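J.: See start.tsv below, with TSV, C-alpha atoms.
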chain	number	residue	atom	x	y	z
A	1	MET	CA	6.55	-70.49	37.47
A	2	PHE	CA	9.35	-67.93	37.90
A	3	ILE	CA	8.68	-66.55	34.39
A	4	LEU	CA	5.01	-66.08	35.27
A	5	LEU	CA	6.08	-64.26	38.45
A	6	CYS	CA	8.37	-62.01	36.38
A	7	VAL	CA	5.51	-61.16	33.98
A	8	PHE	CA	3.21	-60.34	36.89
A	9	VAL	CA	5.84	-58.19	38.62
A	10	PHE	CA	6.60	-56.41	35.31
A	11	LEU	CA	2.93	-55.53	34.75
A	12	VAL	CA	2.49	-54.28	38.31
A	13	SER	CA	5.69	-52.23	38.02
A	14	MET	CA	4.46	-50.73	34.76
A	15	GLY	CA	1.26	-49.69	36.50
A	16	VAL	CA	3.24	-48.13	39.35
A	17	GLY	CA	5.46	-46.33	36.82
A	18	ALA	CA	2.48	-45.02	34.85
A	19	TYR	CA	0.75	-43.84	38.02
A	20	SER	CA	3.90	-42.12	39.28
A	21	LYS	CA	4.26	-40.29	35.95
A	22	ILE	CA	0.69	-39.01	36.19
A	23	ALA	CA	0.44	-38.33	39.91
A	24	MET	CA	3.91	-37.20	40.97
A	25	LYS	CA	4.59	-33.53	40.43
A	26	PRO	CA	7.97	-31.87	40.98
A	27	ALA	CA	8.40	-30.59	44.54
A	28	TRP	CA	8.81	-26.98	43.35
A	29	SER	CA	5.40	-26.99	41.65
A	30	GLN	CA	3.61	-27.28	45.00
A	31	LYS	CA	4.47	-23.65	45.71
A	32	TYR	CA	2.16	-22.52	42.90
A	33	SER	CA	-0.69	-24.79	43.76
A	34	ILE	CA	-2.31	-24.15	47.12
A	35	GLU	CA	-5.39	-25.86	48.44
A	36	TRP	CA	-7.99	-23.28	49.44
A	37	SER	CA	-8.74	-22.87	53.13
A	38	ASP	CA	-10.50	-20.19	55.13
A	39	ASN	CA	-7.11	-19.20	56.56
A	40	LEU	CA	-6.26	-17.69	53.16
A	41	GLY	CA	-9.25	-15.34	53.06
A	42	THR	CA	-12.83	-15.44	51.88
A	43	LEU	CA	-14.15	-17.22	48.82
A	44	TYR	CA	-17.46	-16.30	47.21
A	45	ASN	CA	-18.64	-18.81	44.64
A	46	ASP	CA	-20.92	-18.38	41.63
A	47	ILE	CA	-21.53	-14.65	41.69
A	48	ALA	CA	-23.64	-13.71	38.66
A	49	TYR	CA	-22.40	-11.14	36.16
A	50	GLY	CA	-25.13	-11.63	33.55
A	51	ASP	CA	-28.31	-13.50	32.78
A	52	GLY	CA	-26.72	-16.54	31.10
A	53	GLU	CA	-26.35	-19.82	32.93
A	54	ALA	CA	-22.57	-19.64	32.64
A	55	HIS	CA	-22.32	-15.99	33.60
A	56	LYS	CA	-20.77	-16.60	36.99
A	57	PHE	CA	-17.47	-15.94	38.70
A	58	ASP	CA	-15.71	-17.00	41.87
A	59	LEU	CA	-14.13	-14.22	43.90
A	60	TYR	CA	-11.18	-14.85	46.21
A	61	LEU	CA	-10.51	-12.12	48.75
A	62	PRO	CA	-7.23	-12.17	50.68
A	63	ARG	CA	-7.22	-12.42	54.45
A	64	ASP	CA	-5.61	-9.01	54.91
A	65	ASN	CA	-8.46	-6.55	54.32
A	66	THR	CA	-6.68	-3.50	55.71
A	67	ARG	CA	-4.94	-2.25	52.58
A	68	LYS	CA	-6.06	0.84	50.72
A	69	ASN	CA	-5.74	-0.72	47.28
A	70	TYR	CA	-5.67	-4.21	45.83
A	71	GLY	CA	-4.46	-5.67	42.57
A	72	LEU	CA	-6.89	-8.01	40.86
A	73	VAL	CA	-5.71	-11.11	39.01
A	74	VAL	CA	-8.25	-12.82	36.77
A	75	TYR	CA	-7.40	-16.36	35.67
A	76	LEU	CA	-9.47	-17.86	32.84
A	77	HIS	CA	-9.89	-21.59	32.54
A	78	ALA	CA	-8.74	-23.85	29.72
A	79	GLY	CA	-10.84	-26.32	27.72
A	80	GLY	CA	-10.69	-25.56	24.01
A	81	PHE	CA	-13.57	-23.05	24.28
A	82	THR	CA	-15.93	-26.02	24.66
A	83	GLN	CA	-15.15	-27.44	28.13
A	84	GLY	CA	-13.79	-26.51	31.53
A	85	ASP	CA	-14.86	-24.56	34.56
A	86	LYS	CA	-13.51	-21.80	36.80
A	87	SER	CA	-13.12	-24.32	39.62
A	88	ASP	CA	-10.41	-26.11	37.57
A	89	ASP	CA	-7.99	-23.34	38.55
A	90	ARG	CA	-8.85	-23.17	42.24
A	91	GLU	CA	-5.30	-24.03	43.34
A	92	MET	CA	-3.68	-21.41	41.08
A	93	LEU	CA	-6.22	-18.79	42.18
A	94	SER	CA	-5.60	-19.73	45.81
A	95	TRP	CA	-1.85	-19.24	45.30
A	96	LEU	CA	-2.43	-15.79	43.82
A	97	CYS	CA	-4.86	-14.87	46.60
A	98	ASN	CA	-2.32	-16.03	49.17
A	99	LYS	CA	0.15	-13.60	47.58
A	100	GLY	CA	-2.23	-10.78	48.47
A	101	TYR	CA	-4.28	-10.32	45.30
A	102	VAL	CA	-8.01	-10.22	44.87
A	103	THR	CA	-8.43	-13.05	42.39
A	104	ALA	CA	-11.27	-14.25	40.21
A	105	GLY	CA	-12.07	-17.21	38.01
A	106	ILE	CA	-14.73	-16.36	35.45
A	107	ASN	CA	-16.90	-18.78	33.51
A	108	TYR	CA	-17.95	-18.05	29.94
A	109	THR	CA	-20.57	-19.73	27.78
A	110	LEU	CA	-18.96	-22.75	26.16
A	111	ARG	CA	-19.46	-23.60	22.53
A	112	ASN	CA	-21.57	-26.73	21.98
A	113	GLU	CA	-23.54	-28.35	19.18
A	114	THR	CA	-26.72	-26.47	19.99
A	115	ASN	CA	-25.48	-22.92	20.38
A	116	ASP	CA	-23.63	-20.43	18.22
A	117	LYS	CA	-21.11	-19.33	20.83
A	118	SER	CA	-17.67	-18.38	19.61
A	119	VAL	CA	-14.34	-17.05	20.82
A	120	LEU	CA	-15.80	-13.63	19.99
A	121	SER	CA	-18.89	-14.05	22.18
A	122	GLN	CA	-16.76	-15.54	24.97
A	123	SER	CA	-14.30	-12.63	24.85
A	124	ASN	CA	-17.22	-10.22	25.05
A	125	GLU	CA	-18.59	-12.06	28.07
A	126	ILE	CA	-15.22	-11.66	29.83
A	127	LYS	CA	-15.26	-7.97	28.97
A	128	GLU	CA	-18.74	-7.71	30.46
A	129	ALA	CA	-17.73	-9.64	33.60
A	130	ILE	CA	-14.66	-7.70	34.69
A	131	PRO	CA	-16.41	-4.46	35.79
A	132	LYS	CA	-18.78	-6.65	37.81
A	133	VAL	CA	-15.85	-8.46	39.47
A	134	ILE	CA	-14.32	-5.13	40.46
A	135	GLU	CA	-17.66	-3.78	41.73
A	136	THR	CA	-18.23	-6.89	43.82
A	137	ALA	CA	-14.75	-6.71	45.37
A	138	GLU	CA	-15.48	-3.06	46.21
A	139	LYS	CA	-18.76	-4.09	47.83
A	140	TYR	CA	-16.84	-6.39	50.17
A	141	GLY	CA	-14.39	-3.61	51.07
A	142	TYR	CA	-11.53	-4.38	48.68
A	143	HIS	CA	-10.74	-1.42	46.44
A	144	VAL	CA	-9.19	-2.68	43.19
A	145	ASN	CA	-6.99	-0.10	41.48
A	146	GLU	CA	-5.16	-2.23	38.88
A	147	MET	CA	-5.30	-5.71	37.42
A	148	GLY	CA	-3.56	-8.52	35.61
A	149	ILE	CA	-5.20	-11.15	33.47
A	150	ALA	CA	-4.10	-14.69	32.79
A	151	GLY	CA	-5.21	-18.10	31.65
A	152	GLY	CA	-4.35	-21.46	30.20
A	153	SER	CA	-4.93	-22.48	26.59
A	154	ALA	CA	-8.39	-21.16	25.60
A	155	GLY	CA	-8.33	-19.07	28.77
A	156	HIS	CA	-4.96	-17.67	27.74
A	157	ALA	CA	-6.42	-16.74	24.34
A	158	LEU	CA	-9.32	-14.91	26.00
A	159	ALA	CA	-6.94	-13.24	28.46
A	160	MET	CA	-4.80	-11.97	25.57
A	161	ILE	CA	-7.88	-10.62	23.79
A	162	TYR	CA	-8.86	-8.71	26.92
A	163	ALA	CA	-5.34	-7.44	27.62
A	164	TYR	CA	-4.54	-6.43	24.04
A	165	ARG	CA	-7.96	-5.54	22.57
A	166	ASP	CA	-10.06	-4.39	25.52
A	167	ALA	CA	-7.58	-2.98	28.04
A	168	LYS	CA	-8.35	0.60	26.98
A	169	GLU	CA	-11.94	0.13	28.16
A	170	SER	CA	-11.07	-1.67	31.38
A	171	PRO	CA	-12.36	0.01	34.58
A	172	VAL	CA	-8.83	-0.22	36.05
A	173	PRO	CA	-5.45	-0.26	34.27
A	174	VAL	CA	-4.35	-3.67	32.99
A	175	LYS	CA	-0.72	-4.06	34.06
A	176	LEU	CA	0.20	-7.57	33.08
A	177	LEU	CA	-0.72	-10.66	31.12
A	178	PHE	CA	0.51	-14.17	31.69
A	179	GLY	CA	-0.50	-17.50	30.28
A	180	ALA	CA	0.40	-20.63	28.42
A	181	VAL	CA	-0.45	-22.27	25.10
A	182	GLY	CA	-3.20	-19.87	24.10
A	183	PRO	CA	-3.85	-19.32	20.38
A	184	SER	CA	-3.15	-15.69	19.55
A	185	SER	CA	-3.11	-15.99	15.76
A	186	PHE	CA	-5.90	-17.01	13.42
A	187	TYR	CA	-3.90	-16.56	10.24
A	188	ALA	CA	-4.63	-19.69	8.17
A	189	ALA	CA	-0.94	-20.04	7.28
A	190	ASP	CA	-0.13	-20.60	10.97
A	191	TRP	CA	-2.63	-23.45	11.38
A	192	ASP	CA	-0.51	-26.07	9.65
A	193	ILE	CA	-1.41	-28.64	12.32
A	194	TYR	CA	-4.90	-28.81	10.80
A	195	GLY	CA	-3.68	-28.44	7.20
A	196	PHE	CA	-5.12	-24.94	6.82
A	197	ASP	CA	-1.88	-23.73	5.26
A	198	LYS	CA	-2.45	-25.94	2.19
A	199	ASP	CA	-3.25	-24.31	-1.14
A	200	THR	CA	-6.30	-26.45	-1.97
A	201	ASP	CA	-10.04	-25.79	-2.13
A	202	GLU	CA	-10.65	-28.47	0.49
A	203	ALA	CA	-8.22	-26.83	2.92
A	204	ARG	CA	-9.77	-23.41	2.33
A	205	GLU	CA	-13.26	-24.80	2.96
A	206	GLY	CA	-12.13	-26.38	6.22
A	207	THR	CA	-10.36	-23.18	7.24
A	208	ALA	CA	-13.41	-21.05	6.48
A	209	ARG	CA	-15.62	-23.40	8.48
A	210	LEU	CA	-13.49	-23.71	11.63
A	211	LEU	CA	-12.10	-20.19	11.80
A	212	GLY	CA	-15.55	-18.81	10.98
A	213	ILE	CA	-17.04	-20.70	13.93
A	214	MET	CA	-14.26	-19.49	16.22
A	215	GLY	CA	-14.62	-15.90	15.08
A	216	GLY	CA	-18.41	-15.94	15.10
A	217	VAL	CA	-18.41	-14.72	11.50
A	218	GLU	CA	-19.33	-16.09	8.09
A	219	LEU	CA	-16.23	-16.91	6.09
A	220	THR	CA	-15.92	-18.29	2.57
A	221	SER	CA	-13.19	-20.12	0.67
A	222	ASN	CA	-12.75	-17.03	-1.48
A	223	MET	CA	-12.08	-14.89	1.58
A	224	ILE	CA	-9.42	-17.37	2.66
A	225	LYS	CA	-7.91	-17.27	-0.82
A	226	ASP	CA	-7.79	-13.48	-1.15
A	227	GLY	CA	-6.82	-12.91	2.49
A	228	SER	CA	-9.81	-10.72	3.34
A	229	TYR	CA	-10.86	-13.17	6.10
A	230	ILE	CA	-8.24	-11.96	8.55
A	231	GLU	CA	-9.80	-8.52	9.10
A	232	LYS	CA	-13.05	-10.30	9.99
A	233	LEU	CA	-11.13	-12.37	12.55
A	234	LYS	CA	-9.28	-9.41	14.04
A	235	PRO	CA	-11.60	-9.21	17.10
A	236	ILE	CA	-10.34	-12.63	18.25
A	237	CYS	CA	-6.82	-12.46	16.85
A	238	ALA	CA	-4.84	-11.13	19.82
A	239	VAL	CA	-1.59	-10.86	17.87
A	240	MET	CA	-3.19	-8.26	15.61
A	241	TRP	CA	-3.74	-5.99	18.62
A	242	VAL	CA	-0.15	-6.03	19.83
A	243	ASP	CA	1.38	-2.56	19.59
A	244	GLU	CA	3.73	-0.25	21.49
A	245	ASN	CA	1.16	0.05	24.31
A	246	THR	CA	0.82	-3.69	24.88
A	247	VAL	CA	1.12	-4.68	28.53
A	248	PRO	CA	4.06	-6.73	29.83
A	249	SER	CA	3.45	-10.36	28.93
A	250	VAL	CA	4.86	-13.66	30.15
A	251	VAL	CA	3.92	-16.58	27.93
A	252	ALA	CA	4.88	-20.21	27.41
A	253	TYR	CA	4.36	-22.45	24.38
A	254	GLY	CA	5.16	-26.00	23.33
A	255	LYS	CA	7.16	-26.48	20.16
A	256	HIS	CA	5.28	-29.68	19.21
A	257	ASP	CA	1.80	-28.43	20.05
A	258	LYS	CA	-0.88	-30.27	18.06
A	259	VAL	CA	-3.82	-28.38	19.52
A	260	GLN	CA	-2.90	-24.75	18.92
A	261	PRO	CA	-0.29	-23.88	16.31
A	262	TYR	CA	3.31	-23.27	17.29
A	263	LYS	CA	3.64	-21.02	14.24
A	264	GLY	CA	1.10	-18.69	15.80
A	265	SER	CA	3.28	-18.36	18.88
A	266	GLN	CA	6.17	-17.39	16.61
A	267	ARG	CA	4.02	-14.66	15.08
A	268	LEU	CA	3.22	-13.45	18.61
A	269	LEU	CA	6.90	-13.45	19.53
A	270	GLN	CA	7.74	-11.37	16.44
A	271	ALA	CA	4.99	-8.88	17.31
A	272	TYR	CA	6.38	-8.49	20.86
A	273	GLN	CA	9.82	-7.85	19.40
A	274	LYS	CA	8.56	-5.46	16.73
A	275	TYR	CA	6.75	-3.24	19.24
A	276	ASN	CA	9.33	-3.53	22.05
A	277	VAL	CA	6.85	-5.08	24.43
A	278	ASP	CA	8.28	-6.04	27.83
A	279	TYR	CA	7.79	-9.76	27.29
A	280	GLN	CA	9.17	-13.11	28.38
A	281	TYR	CA	8.63	-15.98	25.99
A	282	PHE	CA	9.29	-19.52	27.17
A	283	GLU	CA	9.55	-22.32	24.67
A	284	CYS	CA	9.10	-25.91	25.82
A	285	SER	CA	11.08	-27.52	23.04
A	286	HIS	CA	10.22	-31.15	23.89
A	287	SER	CA	6.54	-30.64	24.68
A	288	GLY	CA	3.17	-30.21	23.09
A	289	HIS	CA	0.06	-28.49	24.38
A	290	GLY	CA	0.51	-29.84	27.92
A	291	LEU	CA	4.09	-28.49	28.27
A	292	GLN	CA	4.55	-31.94	29.76
A	293	ASN	CA	8.18	-32.70	28.93
A	294	ASP	CA	9.97	-29.53	30.02
A	295	ASP	CA	9.66	-29.17	33.77
A	296	GLU	CA	12.64	-26.85	34.02
A	297	VAL	CA	11.30	-24.39	31.44
A	298	TYR	CA	7.86	-24.58	33.07
A	299	ARG	CA	9.43	-23.78	36.44
A	300	LYS	CA	11.25	-20.76	34.97
A	301	TRP	CA	7.99	-19.57	33.39
A	302	LEU	CA	6.24	-19.66	36.78
A	303	GLU	CA	9.17	-17.98	38.53
A	304	THR	CA	9.08	-15.23	35.91
A	305	VAL	CA	5.33	-14.86	36.31
A	306	GLU	CA	5.96	-14.25	40.00
A	307	GLU	CA	8.74	-11.73	39.22
A	308	TYR	CA	6.48	-9.82	36.83
A	309	LEU	CA	3.62	-9.88	39.33
A	310	ASP	CA	5.93	-8.42	41.97
A	311	LYS	CA	7.20	-5.80	39.52
A	312	TYR	CA	4.01	-4.69	37.77
A	313	LEU	CA	1.26	-5.61	40.22
A	314	THR	CA	3.07	-4.97	43.46
A	315	VAL	CA	1.26	-5.89	46.66
A	316	ARG	CA	1.62	-2.76	48.80
B	1	MET	CA	14.39	-68.27	45.66
B	2	THR	CA	18.06	-67.93	44.71
B	3	GLY	CA	20.01	-64.67	44.87
B	4	LYS	CA	20.21	-64.63	41.07
B	5	ARG	CA	16.43	-64.72	40.76
B	6	TRP	CA	16.05	-61.84	43.22
B	7	VAL	CA	18.42	-59.79	41.03
B	8	ILE	CA	16.36	-60.62	37.92
B	9	LEU	CA	13.16	-59.67	39.72
B	10	GLY	CA	14.72	-56.35	40.78
B	11	ALA	CA	15.73	-55.62	37.18
B	12	VAL	CA	12.20	-56.49	36.00
B	13	ILE	CA	10.73	-54.01	38.52
B	14	VAL	CA	13.04	-51.19	37.41
B	15	PHE	CA	12.39	-51.94	33.74
B	16	GLY	CA	8.62	-52.08	34.35
B	17	ILE	CA	8.54	-48.72	36.14
B	18	ILE	CA	10.55	-47.06	33.34
B	19	MET	CA	8.33	-48.61	30.67
B	20	GLY	CA	5.18	-47.47	32.52
B	21	ARG	CA	6.42	-43.89	32.62
B	22	LEU	CA	7.48	-44.01	28.96
B	23	VAL	CA	4.07	-45.35	27.91
B	24	VAL	CA	2.30	-42.45	29.67
B	25	ARG	CA	4.73	-40.02	28.06
B	26	ALA	CA	4.10	-41.55	24.63
B	27	ILE	CA	0.32	-41.35	25.08
B	28	LEU	CA	0.53	-37.73	26.23
B	29	ASN	CA	2.75	-36.92	23.26
B	30	LEU	CA	0.28	-38.58	20.94
B	31	LEU	CA	-2.56	-36.49	22.33
B	32	MET	CA	-0.81	-33.17	22.71
B	33	GLY	CA	2.46	-33.37	20.78
B	34	GLY	CA	5.97	-33.73	22.14
B	35	THR	CA	9.17	-35.64	21.69
B	36	LEU	CA	9.62	-39.08	23.18
B	37	PHE	CA	13.25	-38.42	24.05
B	38	GLY	CA	14.89	-35.33	25.40
B	39	GLY	CA	13.52	-32.90	27.96
B	40	ASN	CA	12.17	-34.37	31.15
B	41	PHE	CA	12.90	-37.90	29.91
B	42	LEU	CA	11.29	-39.84	32.71
The structure in this file should be written as structure tokens.

T.:
Amino acid sequence: MFILLCVFVFLVSMGVGAYSKIAMKPAWSQKYSIEWSDNLGTLYNDIAYGDGEAHKFDLYLPRDNTRKNYGLVVYLHAGGFTQGDKSDDREMLSWLCNKGYVTAGINYTLRNETNDKSVLSQSNEIKEAIPKVIETAEKYGYHVNEMGIAGGSAGHALAMIYAYRDAKESPVPVKLLFGAVGPSSFYAADWDIYGFDKDTDEAREGTARLLGIMGGVELTSNMIKDGSYIEKLKPICAVMWVDENTVPSVVAYGKHDKVQPYKGSQRLLQAYQKYNVDYQYFECSHSGHGLQNDDEVYRKWLETVEEYLDKYLTVR
Amino acid sequence: MTGKRWVILGAVIVFGIIMGRLVVRAILNLLMGGTLFGGNFL
């Protein structure tokens, strides 16, 4: 009878332990995750920026509407380019709004089995949305004079493309990028997690198929073999746009990432160093894509994000 | 129940909670990558 009681207690305790691991967040993390309330400002949901069903953004306007100028922070949602929604980042956007920024979460058309959407088309949608976000803020009396862009995973990739590829065409200067675990490199050699670095026809076929879909271009095994594919992928390959004019960047990556390649983050790091970019690179050496095993590094990344926001996108 | 059994039950609870957290960590590592030991262990 006592043994049965022990088994029961063990199973219940395991459940409690599992739940606590999932639900309990470190106390410091609450600072960066605020529940939206009308005390923080005004939130406008689902403002259209185009004709597509997904072409919508949420605009968070800070309570203080007396300032002459406002910094805009756009945060793009995660989801592997196939899932996710702007509302997933409501708490992060609320935190940024509470700091005094006009903030926006933008949806983009997700890739699915019935459409031909790609990282390229999604990056172009973001480029199309940002002038509309700024115009709308202006309409409500918030003059945006500079911006930062950020995101998680796929959102981080799209944010990097905007900050590094499109910043020159932005309606206001882009001052800062921050994000975590976004793929910046589409060099096949970096995608060892999917076996794309292998010197076989099968690997090259797989590489051409997946990277072609992501880039919205037709790739062949021969292009992979002779290296000509990478120029075709340049529009989505943020690392190829890094140069001496690249904006300050604060990024975090997991060393054991199985979703986006760690080797790509090393290529990004080398590019920052080569062009003397003002960057901060945080490596979660025990974690994968979720940065789930390095709370201390994650905390430092967020603290640095805040420092860079204060330095480059100062709330005046 | 004897004092000894209460002690055993307490140890079972602690062990169960640790195992529960480790199982979640292992599943997350399986899905996303990561080391089982090191870092934020529990």

J.: May I ask for the distance between CA of Tyr308 in chain A and CA of Met240 in chain A, given in Å to one decimal place?

T.: 23.4 Å

J.: Between A:Lys25, A:His143, A:His286, A:Lys117, which is the closest to Phe81 in chain A once you count only C-alpha atoms?

T.: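 So, comparing all the options, the nearest one is A:Lys117.
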
J.: May I ask for the distance between CA of Phe10 in chain A and CA of Gly16 in chain B, given in Å to one decimal place?

T.: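 CA of Gly16 in chain B lies at a distance of 4.9 Å from CA of Phe10 in chain A.
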
J.: Between A:Ala78, A:Met223, A:Ala238, A:Leu233, which residue has the minimum interatomic distance to Leu110 in chain A, considering all atoms listed in the file?

T.: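 Nearest to Leu110 in chain A: A:Ala78.
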
J.: Show me, as an NGL selection string, the residues that have an atom within 9 Å of range 107-109 of chain A when counting only C-alpha atoms, minus same-chain residues fewer than 2 positions from it.

T.: :A and (52-58 or 76-77 or 81-82 or 84-86 or 105 or 111 or 117-118 or 121-123 or 125-126)

J.: Compute the chain B side of the contact with chain A at 7 Å, counting all atoms listed in the file, and hand it back as a ChimeraX atom specification.

T.: /B:9,12-13,16-21,24,29,32-35,38-40

J.: Could you tell me how far CA of Ala208 in chain A sits from CA of Thr220 in chain A, in Å to one decimal place?

T.: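 Distance between the two atoms: 5.4 Å.
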
J.: Show me the residues around (-13.6, -20.3, 0.0) - criterion: an atom at most 12 Å away, all atoms listed in the file counted - as a list of chain:residue names.

T.: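 Neighbouring residues, ordered by chain and number, come to A:Phe196, A:Asp199, A:Thr200, A:Asp201, A:Glu202, A:Ala203, A:Arg204, A:Glu205, A:Gly206, A:Thr207, A:Ala208, A:Arg209, A:Leu211, A:Gly212, A:Glu218, A:Leu219, A:Thr220, A:Ser221, A:Asn222, A:Met223, A:Ile224, A:Lys225, A:Asp226, A:Gly227, A:Ser228, A:Tyr229.
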
J.: Calculated over all atoms listed in the file, which of the candidates A:Val102, A:Val144, A:Ile236, A:Ala27 has the smallest distance to Asn69 in chain A?

T.: A:Val144

J.: Near Ala167 in chain A, counting all atoms listed in the file, which residues have an atom at most 12 Å away, once you skip same-chain residues fewer than 2 positions from it, shown as a ChimeraX atom specification?

T.: /A:126-127,130-131,146-149,159-165,169-177,238,241-242,245-247

J.: When you look at Ala180 in chain A with a cut-off of 10 Å (counting all atoms listed in the file), what residues show up, excluding the ones that are within fewer than 6 positions of it in the same chain? I need them as number ranges by chain.

T.: A: 78, 150-157, 250-254, 281-282, 289-291, 298, 301

J.: Near range 94-101 of chain A, counting all atoms listed in the file, which residues have an atom at most 9 Å away, once you skip same-chain residues fewer than 4 positions from it, shown as a ChimeraX atom specification?

T.: /A:31-37,40-41,60-64,70-73,89-90,313,315-316
